[in-house]
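Shown next: entry.cif, given as mmCIF, C-alpha atoms.
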```
data_start
#
loop_
_atom_site.label_atom_id
_atom_site.label_comp_id
_atom_site.auth_asym_id
_atom_site.auth_seq_id
_atom_site.Cartn_x
_atom_site.Cartn_y
_atom_site.Cartn_z
CA MET A 1284 -19.62 -12.41 -0.75
CA GLY A 1285 -17.43 -9.30 -0.88
CA LYS A 1286 -18.05 -5.85 -2.31
CA VAL A 1287 -17.99 -4.58 -5.88
CA ILE A 1288 -15.33 -1.85 -5.97
CA ALA A 1289 -14.92 0.36 -9.04
CA SER A 1290 -11.63 2.24 -9.21
CA ILE A 1291 -9.98 4.54 -11.72
CA THR A 1292 -7.55 7.45 -12.00
CA THR A 1293 -8.65 10.83 -13.34
CA SER A 1294 -7.15 14.23 -14.01
CA VAL A 1295 -8.36 17.20 -11.96
CA ASP A 1296 -10.73 18.03 -14.85
CA GLY A 1297 -12.15 14.51 -14.88
CA TYR A 1298 -10.38 12.81 -17.80
CA VAL A 1299 -9.28 9.18 -17.53
CA THR A 1300 -7.16 9.35 -20.69
CA GLY A 1301 -5.57 11.99 -22.83
CA PRO A 1302 -6.54 12.30 -26.51
CA ASP A 1303 -5.84 9.44 -28.94
CA ASP A 1304 -5.72 6.67 -26.33
CA GLY A 1305 -5.54 3.08 -27.51
CA PRO A 1306 -3.13 0.21 -28.14
CA GLU A 1307 -0.54 2.49 -29.77
CA LEU A 1308 -0.65 5.29 -27.18
CA GLY A 1309 -2.03 3.57 -24.06
CA LEU A 1310 -3.51 6.37 -21.95
CA GLY A 1311 -3.30 8.84 -24.85
CA ARG A 1312 -1.13 11.89 -25.42
CA GLY A 1313 -0.06 13.15 -22.01
CA GLY A 1314 -2.17 10.53 -20.26
CA GLU A 1315 0.80 8.71 -18.76
CA ARG A 1316 0.93 11.54 -16.20
CA LEU A 1317 -2.24 10.08 -14.68
CA HIS A 1318 -0.24 7.04 -13.62
CA TYR A 1319 2.90 8.65 -12.24
CA TRP A 1320 1.64 7.41 -8.85
CA VAL A 1321 1.59 3.82 -10.14
CA MET A 1322 5.15 3.98 -11.46
CA GLY A 1323 6.57 5.98 -8.56
CA GLY A 1324 7.29 9.07 -10.68
CA PRO A 1325 7.54 10.38 -14.25
CA TRP A 1326 7.71 7.83 -17.05
CA THR A 1327 7.05 7.65 -20.79
CA TYR A 1328 5.97 4.95 -23.20
CA GLU A 1329 9.14 5.47 -25.23
CA GLY A 1330 11.54 5.53 -22.29
CA GLY A 1331 10.04 2.60 -20.44
CA HIS A 1332 9.28 2.50 -16.76
CA ASP A 1333 9.73 0.62 -13.54
CA PHE A 1334 6.95 -0.35 -11.16
CA ALA A 1335 8.23 1.58 -8.14
CA MET A 1336 5.15 2.62 -6.19
CA HIS A 1337 5.89 3.86 -2.69
CA GLY A 1338 4.58 5.80 0.31
CA PRO A 1339 0.85 6.60 0.54
CA ASP A 1340 0.33 5.43 -3.06
CA LYS A 1341 1.61 1.95 -2.22
CA GLU A 1342 -0.37 1.87 1.03
CA PHE A 1343 -3.54 2.74 -0.91
CA TYR A 1344 -2.87 0.20 -3.66
CA ASP A 1345 -1.88 -2.63 -1.33
CA GLU A 1346 -5.02 -2.15 0.78
CA LEU A 1347 -7.19 -2.07 -2.36
CA VAL A 1348 -5.85 -5.27 -3.92
CA ALA A 1349 -5.54 -7.16 -0.62
CA THR A 1350 -9.24 -8.04 -0.68
CA MET A 1351 -9.57 -8.50 -4.45
CA GLY A 1352 -10.80 -11.90 -5.56
CA ALA A 1353 -11.54 -11.20 -9.24
CA GLY A 1354 -11.97 -8.25 -11.58
CA VAL A 1355 -13.83 -6.76 -14.55
CA VAL A 1356 -12.43 -4.42 -17.21
CA GLY A 1357 -13.47 -3.28 -20.66
CA ARG A 1358 -11.79 -4.36 -23.87
CA GLY A 1359 -10.43 -0.85 -24.43
CA MET A 1360 -8.50 -0.98 -21.17
CA TYR A 1361 -7.29 -4.50 -21.90
CA ASP A 1362 -6.02 -3.46 -25.35
CA ALA A 1363 -4.52 -0.15 -24.15
CA ALA A 1364 -2.60 -2.06 -21.47
CA GLY A 1365 -1.22 -4.42 -24.12
CA ALA A 1366 -3.07 -7.25 -22.38
CA TRP A 1367 -0.56 -6.75 -19.56
CA GLY A 1368 1.97 -8.72 -21.58
CA GLY A 1369 -0.43 -11.65 -21.98
CA THR A 1370 -0.83 -12.52 -18.30
CA ASN A 1371 -3.32 -11.13 -15.77
CA PRO A 1372 -1.24 -9.28 -13.12
CA PHE A 1373 -4.12 -8.95 -10.64
CA PRO A 1374 -5.49 -11.40 -8.04
CA GLY A 1375 -8.12 -13.79 -9.43
CA THR A 1376 -9.61 -14.05 -12.90
CA LEU A 1377 -10.00 -10.83 -14.90
CA PHE A 1378 -13.24 -10.74 -16.88
CA VAL A 1379 -12.93 -8.62 -20.03
CA LEU A 1380 -16.08 -7.09 -21.51
CA THR A 1381 -15.91 -7.36 -25.30
CA HIS A 1382 -18.04 -7.91 -28.39
CA ARG A 1383 -15.17 -10.03 -29.75
CA THR A 1384 -15.37 -13.00 -27.38
CA ALA A 1385 -13.87 -15.29 -30.04
CA ASP A 1386 -10.51 -13.64 -29.31
CA GLN A 1387 -10.44 -15.41 -25.92
CA PRO A 1388 -6.80 -16.04 -24.90
CA ALA A 1389 -5.66 -19.28 -23.26
CA LYS A 1390 -7.25 -20.01 -19.88
CA GLU A 1391 -3.82 -19.96 -18.23
CA SER A 1392 -3.54 -16.22 -19.06
CA GLY A 1393 -6.05 -15.43 -16.29
CA PHE A 1394 -8.39 -13.55 -18.67
CA ARG A 1395 -11.97 -14.51 -19.49
CA PHE A 1396 -13.76 -12.71 -22.35
CA VAL A 1397 -17.50 -12.11 -21.89
CA GLY A 1398 -20.11 -10.19 -23.84
CA ASP A 1399 -22.05 -8.23 -21.21
CA LEU A 1400 -21.70 -6.65 -17.77
CA ASP A 1401 -24.17 -8.95 -15.98
CA THR A 1402 -22.29 -12.06 -17.15
CA ALA A 1403 -18.96 -10.48 -16.21
CA LEU A 1404 -20.13 -9.55 -12.71
CA ALA A 1405 -21.76 -12.92 -12.12
CA GLY A 1406 -18.61 -14.74 -13.20
CA ALA A 1407 -16.35 -12.43 -11.19
CA THR A 1408 -18.53 -12.76 -8.08
CA GLU A 1409 -18.38 -16.54 -8.30
CA ALA A 1410 -14.63 -16.52 -8.95
CA ALA A 1411 -14.00 -14.08 -6.08
CA GLY A 1412 -15.73 -16.21 -3.45
CA ASP A 1413 -15.57 -14.15 -0.24
CA GLY A 1414 -13.25 -11.61 -1.88
CA ASP A 1415 -14.12 -8.32 -3.54
CA VAL A 1416 -14.81 -7.81 -7.23
CA ALA A 1417 -12.80 -4.96 -8.74
CA ILE A 1418 -14.11 -2.98 -11.71
CA GLY A 1419 -11.05 -1.34 -13.18
CA GLY A 1420 -12.42 0.61 -16.09
CA GLY A 1421 -12.56 2.01 -18.55
CA ALA A 1422 -14.91 4.82 -17.81
CA ALA A 1423 -17.83 3.36 -19.78
CA VAL A 1424 -17.76 0.14 -17.74
CA ILE A 1425 -17.76 2.07 -14.47
CA ARG A 1426 -20.63 4.31 -15.63
CA GLN A 1427 -22.63 1.27 -16.70
CA ALA A 1428 -22.06 -0.52 -13.38
CA LEU A 1429 -22.93 2.60 -11.36
CA ALA A 1430 -26.10 3.20 -13.38
CA ALA A 1431 -27.13 -0.42 -12.79
CA GLY A 1432 -26.68 -0.04 -9.02
CA LYS A 1433 -23.96 -2.69 -8.94
CA VAL A 1434 -21.15 -0.67 -7.29
CA ASP A 1435 -20.67 -0.74 -3.51
CA GLU A 1436 -17.56 1.42 -3.44
CA LEU A 1437 -16.20 3.98 -5.92
CA VAL A 1438 -12.49 4.72 -5.71
CA ILE A 1439 -11.12 7.74 -7.53
CA SER A 1440 -7.44 8.59 -7.70
CA THR A 1441 -6.95 12.18 -8.85
CA ALA A 1442 -3.63 13.06 -10.45
CA PRO A 1443 -2.47 16.69 -10.14
CA VAL A 1444 -2.82 17.44 -13.85
CA ILE A 1445 -5.37 19.12 -16.12
CA LEU A 1446 -5.56 17.28 -19.45
CA GLY A 1447 -8.18 19.42 -21.21
CA ARG A 1448 -9.11 16.63 -23.64
CA GLY A 1449 -9.55 12.88 -23.76
CA LYS A 1450 -12.20 10.61 -22.26
CA ARG A 1451 -14.14 11.88 -19.24
CA LEU A 1452 -15.12 9.54 -16.43
CA PHE A 1453 -18.70 10.81 -16.15
CA GLU A 1454 -19.34 11.83 -19.76
CA GLY A 1455 -23.10 11.57 -20.34
CA PHE A 1456 -23.79 10.15 -16.87
CA ASP A 1457 -27.09 11.60 -15.60
CA ARG A 1458 -27.73 9.69 -12.37
CA ASP A 1459 -27.87 11.28 -8.92
CA VAL A 1460 -25.63 9.25 -6.60
CA ASP A 1461 -24.75 10.00 -2.98
CA LEU A 1462 -21.27 9.00 -1.81
CA ARG A 1463 -19.69 8.80 1.64
CA VAL A 1464 -15.94 9.21 2.11
CA VAL A 1465 -14.51 6.02 3.64
CA LYS A 1466 -10.80 6.80 3.50
CA ALA A 1467 -8.43 9.20 1.76
CA TYR A 1468 -4.72 9.00 0.99
CA SER A 1469 -2.52 11.71 -0.49
CA SER A 1470 0.94 11.91 -2.03
CA PRO A 1471 2.64 14.42 -4.32
CA LEU A 1472 1.53 12.23 -7.25
CA ALA A 1473 -2.18 11.63 -6.48
CA THR A 1474 -5.01 11.91 -4.01
CA HIS A 1475 -6.91 8.64 -3.58
CA VAL A 1476 -10.42 8.66 -2.12
CA ARG A 1477 -12.51 5.60 -1.35
CA TYR A 1478 -16.23 6.40 -1.41
CA ALA A 1479 -19.06 4.13 -0.25
CA VAL A 1480 -22.04 4.32 -2.61
CA VAL A 1481 -25.01 5.26 -0.42
CA ARG A 1482 -28.06 3.13 -1.10
CA SER A 1483 -31.44 4.83 -0.64
#
```

What is this structure when it is put down as structure tokens?
Amino acid sequence: MGKVIASITTSVDGYVTGPDDGPELGLGRGGERLHYWVMGGPWTYEGGHDFAMHGPDKEFYDELVATMGAGVVGRGMYDAAGAWGGTNPFPGTLFVLTHRTADQPAKESGFRFVGDLDTALAGATEAAGDGDVAIGGGAAVIRQALAAGKVDELVISTAPVILGRGKRLFEGFDRDVDLRVVKAYSSPLATHVRYAVVRS
């Protein structure tokens, strides 16, 4: 069995989206700047984008997904990403936490809709085999998994931007958690830090 690795990108002030995020605006107003590192530079929803990751950002991403066997995300992230065009782009099955499980897409899409975190993690762990389980967000899913003691590694990519508004990664989180830096990567577009969650 591998590790459970939660990863997400934030602004310097801790936001994972700009205001008004959702299916129409993805990461919210101004939130696309969080993912310049993913696209290899500036992009907009209107102007389109190419997936042109390079340098330390690509090294970080490639190492992260190399061990991934399955994943878990929330319905908000799934919807904001436009269901990734209808096909899971990540290794292994992607378990989507949702109250609307009847919306389950075709099995061939690579998505599996489930109603709670425990079911999602159990399914992802089984599907991953010896690989790692990735928790990709949104913020509420990561907070829930951290609070439940399910996360082995927390990975935070910090974009060099202050958003001022939106959804905060640790909004309302009141747990005391010790972390140990495992590895850090830096580019002009983001600083990526992999933290081990220290168990007491």

Discussion item. Here's the selection I'm unsure about, the PyMOL selection byres ((chain A and resi 1387) around 12); applied to the file above, which residues does it give, as a ChimeraX atom specification?
Written reply: /A:1358,1366,1369,1377-1386,1388-1398

Next, dump the selected residues to file, keeping only C-alpha atoms, as a JSON list (two decimals), in the coordinates of the input.
```json
[["chain", "number", "residue", "atom", "x", "y", "z"],
["A", 1358, "ARG", "CA", -11.79, -4.36, -23.87],
["A", 1366, "ALA", "CA", -3.07, -7.25, -22.38],
["A", 1369, "GLY", "CA", -0.43, -11.65, -21.98],
["A", 1377, "LEU", "CA", -10.00, -10.83, -14.90],
["A", 1378, "PHE", "CA", -13.24, -10.74, -16.88],
["A", 1379, "VAL", "CA", -12.93, -8.62, -20.03],
["A", 1380, "LEU", "CA", -16.08, -7.09, -21.51],
["A", 1381, "THR", "CA", -15.91, -7.36, -25.30],
["A", 1382, "HIS", "CA", -18.04, -7.91, -28.39],
["A", 1383, "ARG", "CA", -15.17, -10.03, -29.75],
["A", 1384, "THR", "CA", -15.37, -13.00, -27.38],
["A", 1385, "ALA", "CA", -13.87, -15.29, -30.04],
["A", 1386, "ASP", "CA", -10.51, -13.64, -29.31],
["A", 1388, "PRO", "CA", -6.80, -16.04, -24.90],
["A", 1389, "ALA", "CA", -5.66, -19.28, -23.26],
["A", 1390, "LYS", "CA", -7.25, -20.01, -19.88],
["A", 1391, "GLU", "CA", -3.82, -19.96, -18.23],
["A", 1392, "SER", "CA", -3.54, -16.22, -19.06],
["A", 1393, "GLY", "CA", -6.05, -15.43, -16.29],
["A", 1394, "PHE", "CA", -8.39, -13.55, -18.67],
["A", 1395, "ARG", "CA", -11.97, -14.51, -19.49],
["A", 1396, "PHE", "CA", -13.76, -12.71, -22.35],
["A", 1397, "VAL", "CA", -17.50, -12.11, -21.89],
["A", 1398, "GLY", "CA", -20.11, -10.19, -23.84]]
```

Record the distance separating CA of Gly1406 in chain A and CA of Arg1482 in chain A, expressed in Å with one decimal.
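Result for CA of Gly1406 in chain A versus CA of Arg1482 in chain A: 23.6 Å, one decimal.
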
Min atom-atom distance to Ala1411 in chain A from the set A:Thr1292, A:Leu1310, A:Gly1285, A:Tyr1478, counting all atoms listed in the file, belongs to A:Gly1285

So that I can check the surroundings of Arg1463 in chain A, please list as a ChimeraX atom specification every protein, DNA and RNA residue that reaches within 9 Å of it, counting only C-alpha atoms and ignoring chain neighbours fewer than 6 positions away.
/A:1477-1481

Item to complete: Extract, using all atoms listed in the file, all DNA, RNA and protein residues at most 8 Å from Lys1286 in chain A, discarding same-chain residues fewer than 2 positions from it, and format them as a list in words.
Response: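 So the residues in contact are Met1284, Ile1288, Gly1414, Asp1415, Val1416, Val1434, Asp1435 and Glu1436 of chain A.
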
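With all atoms listed in the file as the atoms that count, the residue of A:Ala1473, A:Thr1408, A:Arg1448, A:Phe1456 with the shortest distance to Gln1427 in chain A is A:Phe1456.
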
Show me, as a list in words, the residues that have an atom within 12 Å of Gly1455 in chain A when counting only C-alpha atoms, minus same-chain residues fewer than 5 positions from it.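 So the residues in contact are Ala1422, Ala1423, Arg1426, Gln1427, Ala1430 and Lys1450 of chain A.
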
Practice problem: Give as an MDAnalysis selection string the residues that the PyMOL selection byres ((chain A and resi 1312-1320) around 10) matches when applied to the coordinates above. | Solution: chainID A and resid 1291:1295 1298:1304 1308:1311 1321:1328 1332 1334:1341 1344 1440:1446 1448:1449 1470:1474
